[in-house]
Amino acid sequence: MVWYSAIPSGNWRKPINLNLHCTLHGELRVPFAQHVSLPDTPSSNASFPQFTLLPLELQLKVIYYCDQSTLFQLIHTSSFIRAEASKLFFSNPEVFYWINAKWLLEGAYPGYTVHDLNFMMRVEHLVIEFSWMKEDTWMDPAERTAWNYIDKVLTTGMLGNIRKFWSMVQLRFPRLKRVTISDDYDRSGLYWKVGEMGPTDIKVFVALRQGGDKYPYRRLERRLWQRMVTSQADTHTDTKLQWEKRPPWCEPLITMPYRRLHGLVGKFQDFYIRQDHWYGQDQSIRIFKIAAVEKYHFDGRHCSFRCSVQDCNTVFQQPEEYTTHAIDTRHDEMHPLPESFKHLFAKNDKRHEQLKEDLSKRRKHILEQCGSEGSSQRQAAMKEIMHQLENNALLSAQGKSASEHKWWDIIDSFLYPRDG
Ligand SMILES: [Zn+2]
């Protein structure tokens with residue numbers, strides 16, 4: 001279920017890109033491949049071998065003006081260009097990658113992520129997404145029944161887990177310069193406490209969505225605060241912290257690249273990545289349909305219009321009013337698409353259907369490869385999976401046996417579906 005309540009204002013002005021994904025609340029996510037894809041121009045395959053013959057200073061000047069896609073291509077060239085392009089690529093202040101907090105809270109095991117750990121090592125700007133952080137997120141199980149919700153004092157276990165969380169952040173993202181902890185709701189003052197315990201040499205932000213507390217389907221607004229650290233004049237260790245409100249940030253976040261996948265486990269992981277892409281794109285279609293209606297009436301002109309749902313009669317005089325109305329009422333589901341956008345969405349529907357068929361073929365192929373239940377082929381496949389989970393360094397999960405591994409459960413539900 002997607003609520004679309006946090007579609008950022010101004011979203012309708014952005015280009016329609018049906019390859020993007022969206023979150024449960026309607027914020028867009030850019031798959032890494034999209035982020036670094038070169039514009040589809042006839043010259044995109046042209047080579048320029050003379051570039052490396054230019055004086056180094058000139059090469060640097062040229063690189064400085066390159067966009068993210070070109071910089072990423074340059075990272076794969078000569079060592080000198082690679083170093084400079086890489087520096088510029090990761091330090092771009094407008095590019096933010098995101099990661100799910102769950103992975104960090106679970107211990108940040110290499111085997112529990114499909115994203116590229118080497119890439120993470122170079123990320124400078126990161127958003128860590130929590131799924132409804134609350135006190136329980138940090139408590140040791142034994143503390144959950146005894147904790148006093150009135151005093152709200154952090155327990156030893158909570159403090160220890162918050163420290164562990166930050167050490168995982170620093171272990172996997174050692175070059176971080178800026179981190180934002182983010183959630184879908186303004187649920188708890190705990191964010192300040194978690195933020196305050198973050199390393200002082202990193203800029204720490206907290207991003208929460210507010211406005212939906214009383215009526216959860218109403219449009220939410222993202223708000224952002226920055227942790228300000230000031231050292232006392234007489235000592236380096238005694239620091240003062242406060243939170244300052246910053247202008248809302250609403251740029252799409254980039255999903256980090258995936259690592260190379262290997263063996264039979266890799267086939268399952270590849271399937272789930274593709275399936276996530278499919279769902280992500282499927283969920284973002286509605287956002288772009290809403291944007292298309294706004295674009296048609298307000299992009300380069302100003303044509304007020306009426307909701308087409310019978311007996312509604314709401315009139316939209318300004319941009320954003322239709323988006324807000326759509327979120328509150330879902331009337332956009334009955335609103336016709338402007339004629340000029342119909343072809344684009346119809347073409348996408350066809351592409352999307354093909355992707356679904358491709359997924360189904362891949363599922364079938366994996367099932368065939370693993371044999372039927374009880375067969376010797378299935379036994380051999382399970383043995384291979386078990387061996388890979390226990391011995392492949394990229395799948396390591398701190399000494400967990402194969403049957404304790406997260407991917408064992410996922411693969412098990414794939415091969416032995418409980419719902420028939
Ligand atoms: Zn309406």
# chains A, B, ... in the order shown; residues from 1 in each chain; ligands from 1
call {"tool": "select_by_dssp", "arguments": {"residues": "stretch 169-380 of chain A", "states": "strand (DSSP E or B)", "output": "PDB file with C-alpha atoms, in the first residue's frame"}}
result
ATOM      1  CA  ARG A 178      27.098  14.700   5.814  1.00  0.00           C
ATOM      2  CA  VAL A 179      24.446  12.316   7.068  1.00  0.00           C
ATOM      3  CA  THR A 180      20.698  12.757   7.338  1.00  0.00           C
ATOM      4  CA  ILE A 181      18.565  10.502   9.487  1.00  0.00           C
ATOM      5  CA  SER A 182      15.104  10.404   8.034  1.00  0.00           C
ATOM      6  CA  LYS A 203      27.379  17.218   9.595  1.00  0.00           C
ATOM      7  CA  VAL A 204      24.245  15.583  10.998  1.00  0.00           C
ATOM      8  CA  PHE A 205      20.722  16.397   9.806  1.00  0.00           C
ATOM      9  CA  VAL A 206      17.324  15.069  10.804  1.00  0.00           C
ATOM     10  CA  ALA A 207      14.567  14.986   8.157  1.00  0.00           C
ATOM     11  CA  LEU A 208      11.007  14.292   9.260  1.00  0.00           C
ATOM     12  CA  ARG A 209       7.706  14.544   7.510  1.00  0.00           C
ATOM     13  CA  GLN A 210       5.111  16.518   9.351  1.00  0.00           C
ATOM     14  CA  GLU A 221       5.708  18.207   4.430  1.00  0.00           C
ATOM     15  CA  ARG A 222       9.333  17.294   4.919  1.00  0.00           C
ATOM     16  CA  ARG A 223      11.180  19.350   7.479  1.00  0.00           C
ATOM     17  CA  LEU A 224      14.889  19.418   8.030  1.00  0.00           C
ATOM     18  CA  TRP A 225      17.053  20.306  11.013  1.00  0.00           C
ATOM     19  CA  GLN A 226      20.837  20.517  11.247  1.00  0.00           C
ATOM     20  CA  ARG A 227      22.835  19.655  14.330  1.00  0.00           C
ATOM     21  CA  MET A 228      25.100  22.552  15.239  1.00  0.00           C
ATOM     22  CA  VAL A 229      28.189  21.705  17.252  1.00  0.00           C
ATOM     23  CA  THR A 230      30.116  24.434  19.048  1.00  0.00           C
ATOM     24  CA  SER A 231      33.262  23.789  21.049  1.00  0.00           C
ATOM     25  CA  THR A 239      30.893  20.666  23.135  1.00  0.00           C
ATOM     26  CA  LYS A 240      27.476  22.262  22.935  1.00  0.00           C
ATOM     27  CA  LEU A 241      24.796  20.966  20.582  1.00  0.00           C
ATOM     28  CA  GLN A 242      21.683  22.577  19.207  1.00  0.00           C
ATOM     29  CA  TRP A 243      19.331  21.970  16.266  1.00  0.00           C
ATOM     30  CA  GLU A 244      18.638  24.607  13.622  1.00  0.00           C
ATOM     31  CA  LYS A 245      15.859  24.433  11.087  1.00  0.00           C
ATOM     32  CA  ARG A 246      16.953  24.333   7.431  1.00  0.00           C
ATOM     33  CA  LEU A 253      17.775  10.304  -3.515  1.00  0.00           C
ATOM     34  CA  ILE A 254      20.032   7.908  -5.407  1.00  0.00           C
ATOM     35  CA  THR A 255      19.960   4.172  -4.775  1.00  0.00           C
ATOM     36  CA  TYR A 258      24.572  -3.206  -6.679  1.00  0.00           C
ATOM     37  CA  PHE A 305      -9.543  23.319 -14.216  1.00  0.00           C
ATOM     38  CA  ARG A 306     -12.129  21.303 -12.377  1.00  0.00           C
ATOM     39  CA  VAL A 315     -11.604  23.920  -8.961  1.00  0.00           C
ATOM     40  CA  PHE A 316      -7.818  24.064  -9.181  1.00  0.00           C
TER      41      PHE A 316
END
call {"tool": "residues_near_ligand", "arguments": {"ligand": "ligand 1", "cutoff": "10 Å", "atoms": "only C-alpha atoms and all ligand atoms", "output": "list in words"}}
result
Arg306, Cys307, Ser308, Val309, Gln310, Asp311, Cys312, Asn313, Thr314, Val315, Phe316, Tyr322, His325, Ala326, Asp328, Thr329, Arg330, His331, Asp332, Glu333, Met334 and His335 of chain A
call {"tool": "write_last_selection", "arguments": {"atoms": "N, CA and C atoms", "output": "short mmCIF file (atom, residue, chain, number, x, y, z; two decimals), in the first residue's frame"}}
result
data_model
loop_
_atom_site.label_atom_id
_atom_site.label_comp_id
_atom_site.auth_asym_id
_atom_site.auth_seq_id
_atom_site.Cartn_x
_atom_site.Cartn_y
_atom_site.Cartn_z
N ARG A 306 -11.20 21.84 -13.36
CA ARG A 306 -12.13 21.30 -12.38
C ARG A 306 -11.89 19.80 -12.19
N CYS A 307 -12.09 19.31 -11.00
CA CYS A 307 -11.99 17.86 -10.76
C CYS A 307 -13.08 17.17 -11.56
N SER A 308 -12.72 16.08 -12.21
CA SER A 308 -13.69 15.45 -13.11
C SER A 308 -14.60 14.45 -12.39
N VAL A 309 -14.38 14.26 -11.09
CA VAL A 309 -15.23 13.30 -10.38
C VAL A 309 -16.60 13.91 -10.11
N GLN A 310 -17.60 13.11 -10.39
CA GLN A 310 -18.98 13.59 -10.25
C GLN A 310 -19.24 14.10 -8.83
N ASP A 311 -19.91 15.23 -8.72
CA ASP A 311 -20.28 15.84 -7.44
C ASP A 311 -19.10 16.40 -6.65
N CYS A 312 -17.89 16.34 -7.18
CA CYS A 312 -16.76 16.92 -6.42
C CYS A 312 -16.67 18.42 -6.73
N ASN A 313 -16.50 18.73 -8.02
CA ASN A 313 -16.50 20.12 -8.47
C ASN A 313 -15.41 21.02 -7.88
N THR A 314 -14.38 20.44 -7.31
CA THR A 314 -13.28 21.28 -6.82
C THR A 314 -12.59 21.93 -8.02
N VAL A 315 -12.29 23.22 -7.88
CA VAL A 315 -11.60 23.92 -8.96
C VAL A 315 -10.16 24.16 -8.54
N PHE A 316 -9.24 23.89 -9.48
CA PHE A 316 -7.82 24.06 -9.18
C PHE A 316 -7.34 25.33 -9.88
N TYR A 322 -4.07 20.50 -7.30
CA TYR A 322 -4.56 19.22 -7.79
C TYR A 322 -3.83 18.06 -7.10
N HIS A 325 -5.18 17.68 -3.64
CA HIS A 325 -6.52 17.10 -3.72
C HIS A 325 -6.43 15.60 -4.04
N ALA A 326 -5.53 15.25 -4.93
CA ALA A 326 -5.36 13.84 -5.32
C ALA A 326 -4.94 13.01 -4.11
N ASP A 328 -5.46 13.71 -0.94
CA ASP A 328 -6.54 13.66 0.05
C ASP A 328 -7.71 12.77 -0.37
N THR A 329 -7.97 12.71 -1.67
CA THR A 329 -9.23 12.07 -2.12
C THR A 329 -9.05 10.88 -3.06
N ARG A 330 -7.87 10.73 -3.65
CA ARG A 330 -7.61 9.74 -4.71
C ARG A 330 -8.48 9.98 -5.95
N HIS A 331 -9.01 11.19 -6.11
CA HIS A 331 -9.84 11.47 -7.29
C HIS A 331 -9.03 11.44 -8.59
N ASP A 332 -7.70 11.53 -8.46
CA ASP A 332 -6.86 11.47 -9.68
C ASP A 332 -7.03 10.14 -10.39
N GLU A 333 -7.43 9.10 -9.64
CA GLU A 333 -7.58 7.78 -10.27
C GLU A 333 -8.71 7.78 -11.30
N MET A 334 -9.60 8.79 -11.19
CA MET A 334 -10.70 8.86 -12.17
C MET A 334 -10.54 10.05 -13.12
N HIS A 335 -9.46 10.80 -12.92
CA HIS A 335 -9.25 11.99 -13.76
C HIS A 335 -8.56 11.57 -15.06
#
call {"tool": "closest_residue", "arguments": {"among": "A:Pro110, A:Pro248, A:Pro55, A:Gly160", "to": "A:Met139", "atoms": "only C-alpha atoms"}}
result
A:Gly160
call {"tool": "closest_atom_pairs", "arguments": {"of": "stretch 235-333 of chain A", "to": "stretch 16-27 of chain A", "cutoff": "6 Å", "atoms": "only C-alpha atoms", "output": "tab-separated table"}}
result
residue	atom	partner	partner_atom	distance
A:Gly280	CA	A:His21	CA	4.1
A:Gln281	CA	A:His21	CA	4.8
A:Ser284	CA	A:Cys22	CA	5.1
call {"tool": "residues_around", "arguments": {"residues": "A:Gly107", "least_positions_apart": "2", "cutoff": "10 Å", "atoms": "only C-alpha atoms", "output": "list in words"}}
result
Lys102, Trp103, Leu104, Leu105, Tyr109, Pro110, Tyr112, Lys164, Phe165, Ser167, Met168, Val169, Ala397 and Gln398 of chain A
call {"tool": "write_last_selection", "arguments": {"atoms": "N, CA and C atoms", "output": "PDB file, in the first residue's frame"}}
result
ATOM      1  N   LYS A 102      17.777  -0.376   8.633  1.00  0.00           N
ATOM      2  CA  LYS A 102      17.641  -1.745   9.131  1.00  0.00           C
ATOM      3  C   LYS A 102      18.959  -2.515   8.966  1.00  0.00           C
ATOM      4  N   TRP A 103      19.586  -2.340   7.811  1.00  0.00           N
ATOM      5  CA  TRP A 103      20.825  -3.061   7.531  1.00  0.00           C
ATOM      6  C   TRP A 103      21.915  -2.681   8.543  1.00  0.00           C
ATOM      7  N   LEU A 104      22.012  -1.386   8.836  1.00  0.00           N
ATOM      8  CA  LEU A 104      23.021  -0.928   9.800  1.00  0.00           C
ATOM      9  C   LEU A 104      22.689  -1.421  11.199  1.00  0.00           C
ATOM     10  N   LEU A 105      21.393  -1.394  11.547  1.00  0.00           N
ATOM     11  CA  LEU A 105      20.980  -1.822  12.885  1.00  0.00           C
ATOM     12  C   LEU A 105      21.179  -3.329  13.072  1.00  0.00           C
ATOM     13  N   TYR A 109      26.182  -6.443   7.997  1.00  0.00           N
ATOM     14  CA  TYR A 109      26.937  -7.574   7.430  1.00  0.00           C
ATOM     15  C   TYR A 109      26.997  -7.440   5.903  1.00  0.00           C
ATOM     16  N   PRO A 110      28.163  -7.741   5.315  1.00  0.00           N
ATOM     17  CA  PRO A 110      28.261  -7.688   3.845  1.00  0.00           C
ATOM     18  C   PRO A 110      27.188  -8.552   3.173  1.00  0.00           C
ATOM     19  N   TYR A 112      24.252  -9.192   4.022  1.00  0.00           N
ATOM     20  CA  TYR A 112      22.857  -8.759   4.173  1.00  0.00           C
ATOM     21  C   TYR A 112      22.516  -7.565   3.289  1.00  0.00           C
ATOM     22  N   LYS A 164      26.521   1.715  18.803  1.00  0.00           N
ATOM     23  CA  LYS A 164      26.834   0.645  17.848  1.00  0.00           C
ATOM     24  C   LYS A 164      26.371   1.054  16.437  1.00  0.00           C
ATOM     25  N   PHE A 165      25.198   1.678  16.373  1.00  0.00           N
ATOM     26  CA  PHE A 165      24.671   2.146  15.085  1.00  0.00           C
ATOM     27  C   PHE A 165      25.664   3.108  14.423  1.00  0.00           C
ATOM     28  N   SER A 167      28.817   3.406  15.003  1.00  0.00           N
ATOM     29  CA  SER A 167      30.087   2.774  14.625  1.00  0.00           C
ATOM     30  C   SER A 167      29.908   1.991  13.325  1.00  0.00           C
ATOM     31  N   MET A 168      28.712   1.430  13.110  1.00  0.00           N
ATOM     32  CA  MET A 168      28.443   0.734  11.833  1.00  0.00           C
ATOM     33  C   MET A 168      28.437   1.745  10.687  1.00  0.00           C
ATOM     34  N   VAL A 169      27.841   2.925  10.938  1.00  0.00           N
ATOM     35  CA  VAL A 169      27.809   3.969   9.906  1.00  0.00           C
ATOM     36  C   VAL A 169      29.244   4.327   9.518  1.00  0.00           C
ATOM     37  N   ALA A 397      27.941 -13.172   7.174  1.00  0.00           N
ATOM     38  CA  ALA A 397      27.048 -12.546   8.148  1.00  0.00           C
ATOM     39  C   ALA A 397      27.533 -12.924   9.545  1.00  0.00           C
ATOM     40  N   GLN A 398      28.751 -12.564   9.809  1.00  0.00           N
ATOM     41  CA  GLN A 398      29.415 -12.757  11.101  1.00  0.00           C
ATOM     42  C   GLN A 398      29.189 -14.150  11.696  1.00  0.00           C
TER      43      GLN A 398
END
call {"tool": "atom_distance", "arguments": {"atom1": "atom CA of A:Gln388", "atom2": "atom CA of A:Ala101"}}
result
25.9 Å
call {"tool": "atom_distance", "arguments": {"atom1": "atom CA of A:Ser376", "atom2": "atom CA of A:Tyr272"}}
result
25.4 Å
call {"tool": "residues_around", "arguments": {"residues": "A:His125", "least_positions_apart": "5", "cutoff": "8 Å", "atoms": "only C-alpha atoms", "output": "list of chain:residue names"}}
result
A:Phe90, A:Ser91, A:Pro93, A:Val95, A:Phe96, A:Tyr97, A:Leu176, A:Lys177, A:Arg178, A:Val179
call {"tool": "write_last_selection", "arguments": {"atoms": "C-alpha atoms", "output": "mmCIF file, in the first residue's frame"}}
result
data_model
loop_
_atom_site.group_PDB
_atom_site.id
_atom_site.type_symbol
_atom_site.label_atom_id
_atom_site.label_comp_id
_atom_site.auth_asym_id
_atom_site.auth_seq_id
_atom_site.Cartn_x
_atom_site.Cartn_y
_atom_site.Cartn_z
ATOM 1 C CA PHE A 90 31.440 11.815 -4.666
ATOM 2 C CA SER A 91 31.754 15.374 -3.403
ATOM 3 C CA PRO A 93 26.862 18.581 -2.750
ATOM 4 C CA VAL A 95 23.824 14.231 -4.786
ATOM 5 C CA PHE A 96 22.595 12.142 -1.877
ATOM 6 C CA TYR A 97 22.622 8.371 -1.640
ATOM 7 C CA LEU A 176 30.987 10.562 5.223
ATOM 8 C CA LYS A 177 30.837 14.314 5.455
ATOM 9 C CA ARG A 178 27.098 14.700 5.814
ATOM 10 C CA VAL A 179 24.446 12.316 7.068
#
call {"tool": "atom_distance", "arguments": {"atom1": "atom CA of A:Ala291", "atom2": "atom CA of A:His352"}}
result
19.2 Å
